[in-house]
Amino acid sequence: MEFYTLASGSSGNCTLISHASTHVLVDAGISCRKITTRLAQIGLSLQMLDAVFITHTHSDHISGLAVMLKKWEGRVYASAGAGEELASKVPTLRAQQLYILTPQEPVQAGSLTVTPFSTPHDAPGSMGYHFAADGRRFAIATDLGWVQPHIVSILDGVHAAIVEANHDPDWLRDGPYPYHLQQRILGQYGHLSNEACGELAVALAKSGAKLLVLGHLSKENNAPERAYAVVSDYLRSALCPEVQLWVAPRDEIGGPYQV
């Protein structure tokens, strides 16, 4: 199994996961043109995709989906809450394309076993995803206000993961965002700070993770160097220096990362 980040950040998110001849996207939060171009750089096309899994319906996760569905007729997976919003927000989504997921009930997408799990975020039915194939395990856990116990349990033993390092709390409080937006980001249904990501990274490393990619960094309230420094310090202090740590690029391809 391998994965690529096609975009990661507050302005757009899209991840490709591949195993053998199976290729799926998680989210389509950049333009269809960018998705198509970046897939082509990897040697793929829209028509080679088996499915798209939607984490939630904020625009930075679905903005390219409507145009994409004019050109691609595959299956779209989402929670019941997200699916209801997709039906109203994405007019090109046909009812027969939408498959409703139940948290912690796995589905099969080609050779990938995909298990969704609920995440605390201010969007209906927000979810993360766990992928398994040939004994290897990978997960995407972003857009989290906090790390709930069931998330730690589901991620236990993953070999690799994309985890959220959205902001530096001091930068956020001293930055340009209005108070109400700061409180949303800092709240239990907002986003993980670098420090919270560091704690999650240590937990994953201690349960066997060897590769972690920091994702969904805020352009205004974080920097790749800052996120990397904080999380790597947590890993080093916990005696987990053997973990490969990367930061997903904001608006270009990251990877391939091997699981």
# chains A, B, ... in the order shown; residues from 1 in each chain; ligands from 1
>>> residues_around(residues="Met127 in chain A", least_positions_apart="3", cutoff="8 Å", atoms="only C-alpha atoms", output="PyMOL selection string")
chain A and resi 54-56+79+103+116-119
>>> residues_around(residues="range 217-223 of chain A", least_positions_apart="5", cutoff="8 Å", atoms="only C-alpha atoms", output="ChimeraX atom specification")
/A:8-10,164-169,171-172,175-176,250
>>> residues_around(residues="Tyr129 in chain A", least_positions_apart="3", cutoff="6 Å", atoms="only C-alpha atoms", output="PDB file with N, CA and C atoms, in the first residue's frame")
ATOM      1  N   THR A 115     -12.284   1.168   7.077  1.00  0.00           N
ATOM      2  CA  THR A 115     -13.104   1.300   8.277  1.00  0.00           C
ATOM      3  C   THR A 115     -13.215   2.775   8.651  1.00  0.00           C
ATOM      4  N   PRO A 116     -14.428   3.332   8.601  1.00  0.00           N
ATOM      5  CA  PRO A 116     -14.604   4.728   8.999  1.00  0.00           C
ATOM      6  C   PRO A 116     -14.713   4.844  10.514  1.00  0.00           C
ATOM      7  N   ALA A 139      -3.938   5.116   8.263  1.00  0.00           N
ATOM      8  CA  ALA A 139      -5.112   5.882   8.675  1.00  0.00           C
ATOM      9  C   ALA A 139      -4.943   7.360   8.368  1.00  0.00           C
ATOM     10  N   ILE A 140      -6.085   8.021   8.203  1.00  0.00           N
ATOM     11  CA  ILE A 140      -6.143   9.474   8.060  1.00  0.00           C
ATOM     12  C   ILE A 140      -6.963  10.004   9.220  1.00  0.00           C
TER      13      ILE A 140
END
>>> closest_residue(among="A:Ala229, A:Val76, A:Leu186, A:Leu86", to="Leu98 in chain A", atoms="only C-alpha atoms")
A:Val76
>>> closest_residue(among="A:Gly110, A:Pro91, A:Gly64, A:Pro120", to="Trp146 in chain A", atoms="only C-alpha atoms")
A:Pro120
>>> select_by_dssp(residues="range 10-225 of chain A", states="alpha helix (DSSP H)", output="ChimeraX atom specification")
/A:32-42,59-62,65-71,80-89,149-155,169-174,179-186,194-206,224-225
>>> closest_residue(among="A:Val114, A:Ile253, A:Leu212, A:Leu245", to="Lys34 in chain A", atoms="only C-alpha atoms")
A:Ile253
>>> closest_residue(among="A:Ser21, A:Gln188, A:Thr102, A:Ser11", to="His61 in chain A", atoms="only C-alpha atoms")
A:Ser11
>>> closest_residue(among="A:Pro149, A:Gly187, A:Gly43, A:Gly208", to="Ala161 in chain A", atoms="only C-alpha atoms")
A:Gly208
>>> closest_residue(among="A:Glu199, A:Asp134, A:Pro224, A:Leu16", to="Arg236 in chain A", atoms="only C-alpha atoms")
A:Glu199
>>> residues_around(residues="range 13-15 of chain A", least_positions_apart="5", cutoff="6 Å", atoms="only C-alpha atoms", output="list in words")
Tyr4, Thr5, Leu6, Ala7, Ser8, Leu25, Val26, Asp27, Ala28, Gly29, Asp60 and His61 of chain A
>>> write_last_selection(atoms="all heavy atoms", output="PDB file, in the first residue's frame")
ATOM      1  N   TYR A   4      -0.351   9.163  -1.435  1.00  0.00           N
ATOM      2  CA  TYR A   4       0.138  10.477  -1.829  1.00  0.00           C
ATOM      3  C   TYR A   4      -0.817  11.525  -1.264  1.00  0.00           C
ATOM      4  O   TYR A   4      -2.035  11.318  -1.270  1.00  0.00           O
ATOM      5  CB  TYR A   4       0.131  10.668  -3.344  1.00  0.00           C
ATOM      6  CG  TYR A   4       1.007   9.769  -4.167  1.00  0.00           C
ATOM      7  CD1 TYR A   4       0.629   8.465  -4.452  1.00  0.00           C
ATOM      8  CD2 TYR A   4       2.190  10.250  -4.727  1.00  0.00           C
ATOM      9  CE1 TYR A   4       1.411   7.646  -5.249  1.00  0.00           C
ATOM     10  CE2 TYR A   4       2.983   9.436  -5.532  1.00  0.00           C
ATOM     11  CZ  TYR A   4       2.585   8.140  -5.795  1.00  0.00           C
ATOM     12  OH  TYR A   4       3.355   7.320  -6.594  1.00  0.00           O
ATOM     13  N   THR A   5      -0.306  12.641  -0.814  1.00  0.00           N
ATOM     14  CA  THR A   5      -1.158  13.788  -0.554  1.00  0.00           C
ATOM     15  C   THR A   5      -1.149  14.641  -1.819  1.00  0.00           C
ATOM     16  O   THR A   5      -0.091  15.033  -2.306  1.00  0.00           O
ATOM     17  CB  THR A   5      -0.671  14.603   0.655  1.00  0.00           C
ATOM     18  OG1 THR A   5       0.695  15.009   0.447  1.00  0.00           O
ATOM     19  CG2 THR A   5      -0.763  13.772   1.922  1.00  0.00           C
ATOM     20  N   LEU A   6      -2.328  14.886  -2.379  1.00  0.00           N
ATOM     21  CA  LEU A   6      -2.440  15.747  -3.554  1.00  0.00           C
ATOM     22  C   LEU A   6      -2.591  17.206  -3.144  1.00  0.00           C
ATOM     23  O   LEU A   6      -2.293  18.110  -3.930  1.00  0.00           O
ATOM     24  CB  LEU A   6      -3.622  15.317  -4.422  1.00  0.00           C
ATOM     25  CG  LEU A   6      -3.629  13.850  -4.883  1.00  0.00           C
ATOM     26  CD1 LEU A   6      -4.743  13.622  -5.899  1.00  0.00           C
ATOM     27  CD2 LEU A   6      -2.293  13.417  -5.437  1.00  0.00           C
ATOM     28  N   ALA A   7      -3.065  17.432  -1.922  1.00  0.00           N
ATOM     29  CA  ALA A   7      -3.149  18.763  -1.305  1.00  0.00           C
ATOM     30  C   ALA A   7      -3.482  18.548   0.154  1.00  0.00           C
ATOM     31  O   ALA A   7      -4.177  17.597   0.514  1.00  0.00           O
ATOM     32  CB  ALA A   7      -4.221  19.628  -1.964  1.00  0.00           C
ATOM     33  N   SER A   8      -2.977  19.435   1.011  1.00  0.00           N
ATOM     34  CA  SER A   8      -3.258  19.295   2.437  1.00  0.00           C
ATOM     35  C   SER A   8      -3.133  20.653   3.098  1.00  0.00           C
ATOM     36  O   SER A   8      -2.069  21.264   3.098  1.00  0.00           O
ATOM     37  CB  SER A   8      -2.290  18.305   3.093  1.00  0.00           C
ATOM     38  OG  SER A   8      -2.592  18.126   4.462  1.00  0.00           O
ATOM     39  N   LEU A  25      -9.586   7.954  -3.477  1.00  0.00           N
ATOM     40  CA  LEU A  25      -9.306   9.270  -2.927  1.00  0.00           C
ATOM     41  C   LEU A  25     -10.003   9.412  -1.585  1.00  0.00           C
ATOM     42  O   LEU A  25     -11.105   8.891  -1.395  1.00  0.00           O
ATOM     43  CB  LEU A  25      -9.806  10.381  -3.849  1.00  0.00           C
ATOM     44  CG  LEU A  25      -9.120  10.617  -5.187  1.00  0.00           C
ATOM     45  CD1 LEU A  25      -9.730  11.848  -5.855  1.00  0.00           C
ATOM     46  CD2 LEU A  25      -7.616  10.774  -5.033  1.00  0.00           C
ATOM     47  N   VAL A  26      -9.368  10.131  -0.690  1.00  0.00           N
ATOM     48  CA  VAL A  26     -10.056  10.645   0.480  1.00  0.00           C
ATOM     49  C   VAL A  26     -10.168  12.154   0.289  1.00  0.00           C
ATOM     50  O   VAL A  26      -9.164  12.855   0.213  1.00  0.00           O
ATOM     51  CB  VAL A  26      -9.310  10.317   1.781  1.00  0.00           C
ATOM     52  CG1 VAL A  26      -9.957  11.032   2.960  1.00  0.00           C
ATOM     53  CG2 VAL A  26      -9.294   8.813   2.021  1.00  0.00           C
ATOM     54  N   ASP A  27     -11.402  12.612   0.118  1.00  0.00           N
ATOM     55  CA  ASP A  27     -11.750  14.008  -0.103  1.00  0.00           C
ATOM     56  C   ASP A  27     -11.369  14.494  -1.508  1.00  0.00           C
ATOM     57  O   ASP A  27     -10.514  13.907  -2.187  1.00  0.00           O
ATOM     58  CB  ASP A  27     -11.147  14.930   0.958  1.00  0.00           C
ATOM     59  CG  ASP A  27     -11.789  14.718   2.322  1.00  0.00           C
ATOM     60  OD1 ASP A  27     -12.977  14.357   2.365  1.00  0.00           O
ATOM     61  OD2 ASP A  27     -11.114  14.921   3.340  1.00  0.00           O
ATOM     62  N   ALA A  28     -12.058  15.546  -1.912  1.00  0.00           N
ATOM     63  CA  ALA A  28     -11.830  16.177  -3.214  1.00  0.00           C
ATOM     64  C   ALA A  28     -11.956  17.682  -3.023  1.00  0.00           C
ATOM     65  O   ALA A  28     -12.816  18.336  -3.610  1.00  0.00           O
ATOM     66  CB  ALA A  28     -12.835  15.666  -4.247  1.00  0.00           C
ATOM     67  N   GLY A  29     -11.081  18.218  -2.171  1.00  0.00           N
ATOM     68  CA  GLY A  29     -11.182  19.604  -1.775  1.00  0.00           C
ATOM     69  C   GLY A  29     -10.355  20.576  -2.587  1.00  0.00           C
ATOM     70  O   GLY A  29     -10.104  21.706  -2.152  1.00  0.00           O
ATOM     71  N   ASP A  60     -13.168  22.871   1.931  1.00  0.00           N
ATOM     72  CA  ASP A  60     -11.796  22.461   1.659  1.00  0.00           C
ATOM     73  C   ASP A  60     -11.643  20.940   1.559  1.00  0.00           C
ATOM     74  O   ASP A  60     -10.535  20.436   1.376  1.00  0.00           O
ATOM     75  CB  ASP A  60     -10.840  23.030   2.711  1.00  0.00           C
ATOM     76  CG  ASP A  60     -11.170  22.614   4.129  1.00  0.00           C
ATOM     77  OD1 ASP A  60     -12.362  22.581   4.471  1.00  0.00           O
ATOM     78  OD2 ASP A  60     -10.245  22.336   4.917  1.00  0.00           O
ATOM     79  N   HIS A  61     -12.778  20.238   1.618  1.00  0.00           N
ATOM     80  CA  HIS A  61     -12.768  18.780   1.460  1.00  0.00           C
ATOM     81  C   HIS A  61     -13.658  18.293   0.316  1.00  0.00           C
ATOM     82  O   HIS A  61     -13.553  17.135  -0.080  1.00  0.00           O
ATOM     83  CB  HIS A  61     -13.175  18.101   2.770  1.00  0.00           C
ATOM     84  CG  HIS A  61     -12.192  18.324   3.873  1.00  0.00           C
ATOM     85  ND1 HIS A  61     -11.228  17.403   4.219  1.00  0.00           N
ATOM     86  CD2 HIS A  61     -11.999  19.396   4.688  1.00  0.00           C
ATOM     87  CE1 HIS A  61     -10.496  17.891   5.199  1.00  0.00           C
ATOM     88  NE2 HIS A  61     -10.938  19.103   5.502  1.00  0.00           N
TER      89      HIS A  61
END
